[in-house]
Amino acid sequence: MSFEIICENCAAPSSPSVGLCPYCKAIMTTEESKKLPAFSKLKTLYKEGKSSSALFLAKTVLEQDKKYSEDPSVLLICAKIMIETEGPNSKVKSLLARAYVMEPENGEISDYMELVDAKYEMSRGNKTHGREMLTKILRRSPNHVHAHFLLGAHLYWDNSDPYAAIPHLEKCLILHPNFLRAWACLATIARKIGNTSLAERALRRCLELESGGSMKQYFEKLMAETKGVKSAA
């Protein structure tokens, strides 16, 4: 077997005929997807953490060109973008359901459908069940970026366990270094437990990634406060 494709999720080599990464089950970009002009741009914006631009492009291509809404690779990356920008669960689930109909054997699509269900359960107050669903996803797919993010955020905000949350957020950021919301969550936790060096590193990344003026000012304020705590210690 000749290895001609490198998985963009976990960097493992695979054959172009496989379709899914045999290690992390991530979808491999299809030849059809590569022919779609906006697909590469969507992937680039997503990887660079330019969530607002990525969301705008995702909505535009899905609304204006039918060929995008009929490609599971496009539907999946649009779903990821909407998850990161707090898009409606119903919209994300709709995109994933369409992708699943076209590729029912795709484990990554199935994982994301379960992740959206877990998020919904948590929003209804079923925290334990939602956490169990996320843990189940991570047992199958240890490198699942958004399962790590949601579980980390849950462990901190809902379970008041910052020390258990940090490893999940750090793993998420190793896999997706430009994920602004994950850096912001990590900064909040680090400040809470008094880890100023981690808080400063996280806030520095927030400032690098944030494009909005008001949010940038907010992160600058937090950075100044964190440095003040450090110098006073």
# chains A, B, ... in the order shown; residues from 1 in each chain; ligands from 1

$ residues_around --residues "A:Tyr68" --least-positions-apart "5" --cutoff "12 Å" --atoms "only C-alpha atoms" --output "ChimeraX atom specification"
/A:32-39,42,57-63,73-78,95,98-99

$ write_last_selection --atoms "C-alpha atoms" --output "mmCIF file, in the first residue's frame"
data_model
loop_
_atom_site.group_PDB
_atom_site.id
_atom_site.type_symbol
_atom_site.label_atom_id
_atom_site.label_comp_id
_atom_site.auth_asym_id
_atom_site.auth_seq_id
_atom_site.Cartn_x
_atom_site.Cartn_y
_atom_site.Cartn_z
ATOM 1 C CA GLU A 32 -14.426 16.251 -5.169
ATOM 2 C CA SER A 33 -13.896 18.574 -2.215
ATOM 3 C CA LYS A 34 -10.534 19.697 -3.531
ATOM 4 C CA LYS A 35 -12.240 20.892 -6.713
ATOM 5 C CA LEU A 36 -14.576 23.222 -4.788
ATOM 6 C CA PRO A 37 -13.046 26.738 -4.845
ATOM 7 C CA ALA A 38 -14.153 27.777 -1.354
ATOM 8 C CA PHE A 39 -13.273 24.508 0.409
ATOM 9 C CA LEU A 42 -12.829 27.357 4.612
ATOM 10 C CA LEU A 57 -18.008 32.059 4.236
ATOM 11 C CA ALA A 58 -19.649 28.845 5.470
ATOM 12 C CA LYS A 59 -23.097 30.429 5.488
ATOM 13 C CA THR A 60 -22.499 32.014 2.086
ATOM 14 C CA VAL A 61 -21.392 28.854 0.274
ATOM 15 C CA LEU A 62 -24.141 26.718 1.798
ATOM 16 C CA GLU A 63 -26.825 29.214 0.811
ATOM 17 C CA SER A 73 -16.427 17.212 3.758
ATOM 18 C CA VAL A 74 -17.838 20.726 3.374
ATOM 19 C CA LEU A 75 -20.812 20.021 5.637
ATOM 20 C CA LEU A 76 -18.521 18.652 8.342
ATOM 21 C CA ILE A 77 -16.135 21.600 8.390
ATOM 22 C CA CYS A 78 -19.081 24.018 8.370
ATOM 23 C CA LEU A 95 -25.593 19.809 8.605
ATOM 24 C CA ARG A 98 -27.109 15.552 5.772
ATOM 25 C CA ALA A 99 -23.458 14.523 5.815
#

$ select_by_dssp --residues "stretch 72-232 of chain A" --states "helix (DSSP H, G or I)" --output "VMD selection string"
chain A and resid 72 to 84 89 to 102 107 to 123 127 to 140 145 to 157 162 to 175 180 to 193 196 to 209 213 to 232

$ write_last_selection --atoms "C-alpha atoms" --output "compact mmCIF listing (two decimals), in the first residue's frame"
# COMPACT_ATOMS: atom_id res chain seq x y z
CA PRO A 72 -19.93 15.73 3.32
CA SER A 73 -16.43 17.21 3.76
CA VAL A 74 -17.84 20.73 3.37
CA LEU A 75 -20.81 20.02 5.64
CA LEU A 76 -18.52 18.65 8.34
CA ILE A 77 -16.13 21.60 8.39
CA CYS A 78 -19.08 24.02 8.37
CA ALA A 79 -20.47 22.15 11.39
CA LYS A 80 -17.11 22.48 13.19
CA ILE A 81 -17.03 26.21 12.46
CA MET A 82 -20.56 26.65 13.84
CA ILE A 83 -19.70 24.67 16.97
CA GLU A 84 -16.76 27.01 17.63
CA ASN A 89 -27.48 23.17 17.84
CA SER A 90 -30.37 22.55 15.46
CA LYS A 91 -28.43 24.01 12.51
CA VAL A 92 -25.28 22.06 13.35
CA LYS A 93 -27.29 18.84 13.74
CA SER A 94 -28.96 19.46 10.38
CA LEU A 95 -25.59 19.81 8.60
CA LEU A 96 -24.28 16.64 10.24
CA ALA A 97 -27.45 14.69 9.46
CA ARG A 98 -27.11 15.55 5.77
CA ALA A 99 -23.46 14.52 5.82
CA TYR A 100 -24.35 11.26 7.58
CA VAL A 101 -26.92 10.33 4.94
CA MET A 102 -24.19 10.60 2.32
CA GLY A 107 -17.03 7.70 12.22
CA GLU A 108 -16.09 11.36 12.56
CA ILE A 109 -19.54 12.50 11.45
CA SER A 110 -21.13 10.06 13.93
CA ASP A 111 -18.89 11.39 16.72
CA TYR A 112 -19.92 14.97 15.99
CA MET A 113 -23.61 14.04 15.95
CA GLU A 114 -23.15 12.52 19.40
CA LEU A 115 -21.21 15.59 20.55
CA VAL A 116 -24.08 17.88 19.55
CA ASP A 117 -26.47 15.59 21.45
CA ALA A 118 -24.20 15.78 24.51
CA LYS A 119 -24.19 19.57 24.32
CA TYR A 120 -27.99 19.57 24.09
CA GLU A 121 -28.29 17.30 27.12
CA MET A 122 -26.07 19.63 29.13
CA SER A 123 -28.12 22.65 28.08
CA LYS A 127 -24.91 17.37 33.03
CA THR A 128 -23.90 13.86 34.08
CA HIS A 129 -25.36 12.25 30.98
CA GLY A 130 -23.74 14.84 28.72
CA ARG A 131 -20.37 14.31 30.40
CA GLU A 132 -20.68 10.55 29.95
CA MET A 133 -21.42 11.02 26.26
CA LEU A 134 -18.33 13.20 25.79
CA THR A 135 -16.18 10.70 27.66
CA LYS A 136 -17.49 7.94 25.41
CA ILE A 137 -16.51 9.95 22.32
CA LEU A 138 -12.99 10.44 23.70
CA ARG A 139 -12.60 6.73 24.37
CA ARG A 140 -13.28 6.11 20.68
CA VAL A 145 -10.79 18.54 19.54
CA HIS A 146 -14.29 19.65 20.43
CA ALA A 147 -15.04 16.79 22.84
CA HIS A 148 -11.93 17.85 24.80
CA PHE A 149 -13.05 21.48 24.69
CA LEU A 150 -16.64 20.84 25.80
CA LEU A 151 -15.59 18.42 28.52
CA GLY A 152 -12.94 20.84 29.80
CA ALA A 153 -15.38 23.74 29.83
CA HIS A 154 -18.01 21.59 31.57
CA LEU A 155 -15.60 20.37 34.25
CA TYR A 156 -14.77 23.97 35.11
CA TRP A 157 -18.04 25.86 34.72
CA PRO A 162 -10.47 23.41 37.30
CA TYR A 163 -7.60 20.95 37.73
CA ALA A 164 -9.51 18.24 35.84
CA ALA A 165 -10.50 20.75 33.15
CA ILE A 166 -7.00 21.99 32.27
CA PRO A 167 -5.63 18.77 30.66
CA HIS A 168 -8.63 18.62 28.31
CA LEU A 169 -8.21 22.23 27.24
CA GLU A 170 -4.46 21.83 26.79
CA LYS A 171 -5.02 18.71 24.65
CA CYS A 172 -7.61 20.61 22.61
CA LEU A 173 -5.10 23.40 21.98
CA ILE A 174 -2.31 21.02 21.00
CA LEU A 175 -4.64 19.70 18.32
CA LEU A 180 -9.65 31.31 20.57
CA ARG A 181 -12.50 30.20 22.87
CA ALA A 182 -10.37 27.37 24.25
CA TRP A 183 -7.52 29.78 25.00
CA ALA A 184 -9.96 32.15 26.71
CA CYS A 185 -11.39 29.34 28.82
CA LEU A 186 -7.89 28.18 29.77
CA ALA A 187 -6.93 31.75 30.73
CA THR A 188 -9.99 32.05 32.96
CA ILE A 189 -9.19 28.79 34.74
CA ALA A 190 -5.51 29.63 35.16
CA ARG A 191 -6.39 33.01 36.69
CA LYS A 192 -8.87 31.32 39.02
CA ILE A 193 -6.30 28.91 40.44
CA THR A 196 -0.16 33.36 36.44
CA SER A 197 2.38 32.00 33.97
CA LEU A 198 -0.26 29.81 32.29
CA ALA A 199 -2.78 32.67 32.41
CA GLU A 200 -0.35 35.07 30.74
CA ARG A 201 0.50 32.54 28.02
CA ALA A 202 -3.19 31.93 27.32
CA LEU A 203 -4.07 35.62 27.32
CA ARG A 204 -1.17 36.38 25.00
CA ARG A 205 -2.63 33.91 22.50
CA CYS A 206 -6.08 35.45 22.95
CA LEU A 207 -4.65 38.85 22.07
CA GLU A 208 -2.91 37.41 19.01
CA LEU A 209 -6.09 35.71 17.75
CA GLY A 213 -11.66 45.81 19.30
CA SER A 214 -13.81 45.49 22.42
CA MET A 215 -12.74 41.91 23.14
CA LYS A 216 -9.11 42.80 22.54
CA GLN A 217 -9.43 45.53 25.14
CA TYR A 218 -11.02 43.03 27.52
CA PHE A 219 -8.10 40.60 27.13
CA GLU A 220 -5.63 43.48 27.57
CA LYS A 221 -7.37 44.39 30.82
CA LEU A 222 -7.16 40.79 32.04
CA MET A 223 -3.49 40.63 31.08
CA ALA A 224 -2.72 43.81 33.04
CA GLU A 225 -4.60 42.47 36.06
CA THR A 226 -2.78 39.14 35.85
CA LYS A 227 0.63 40.80 35.65
CA GLY A 228 -0.36 42.99 38.59
CA VAL A 229 -1.17 39.93 40.66
CA LYS A 230 2.15 38.38 39.66
CA SER A 231 4.20 41.46 40.53
CA ALA A 232 2.41 41.83 43.85

$ residues_around --residues "A:Lys50" --least-positions-apart "5" --cutoff "9 Å" --atoms "only C-alpha atoms" --output "mmCIF file with C-alpha atoms, in the first residue's frame"
data_model
loop_
_atom_site.group_PDB
_atom_site.id
_atom_site.type_symbol
_atom_site.label_atom_id
_atom_site.label_comp_id
_atom_site.auth_asym_id
_atom_site.auth_seq_id
_atom_site.Cartn_x
_atom_site.Cartn_y
_atom_site.Cartn_z
ATOM 1 C CA THR A 44 -7.569 27.738 6.077
ATOM 2 C CA LEU A 45 -9.822 30.142 7.971
ATOM 3 C CA LEU A 55 -18.634 31.476 9.646
ATOM 4 C CA ASN A 178 -5.710 28.730 17.047
ATOM 5 C CA PHE A 179 -8.950 27.952 18.911
ATOM 6 C CA LEU A 180 -9.654 31.306 20.574
ATOM 7 C CA LEU A 209 -6.085 35.713 17.751
ATOM 8 C CA GLU A 210 -8.777 38.237 18.698
ATOM 9 C CA SER A 211 -9.715 40.703 15.955
#

$ atom_distance --atom1 "atom CA of A:Lys41" --atom2 "atom CA of A:Ala54"
8.3 Å

$ atom_distance --atom1 "atom CA of A:Gly194" --atom2 "atom CA of A:Asn143"
28.1 Å

$ atom_distance --atom1 "atom CA of A:Glu105" --atom2 "atom CA of A:Lys66"
22.9 Å
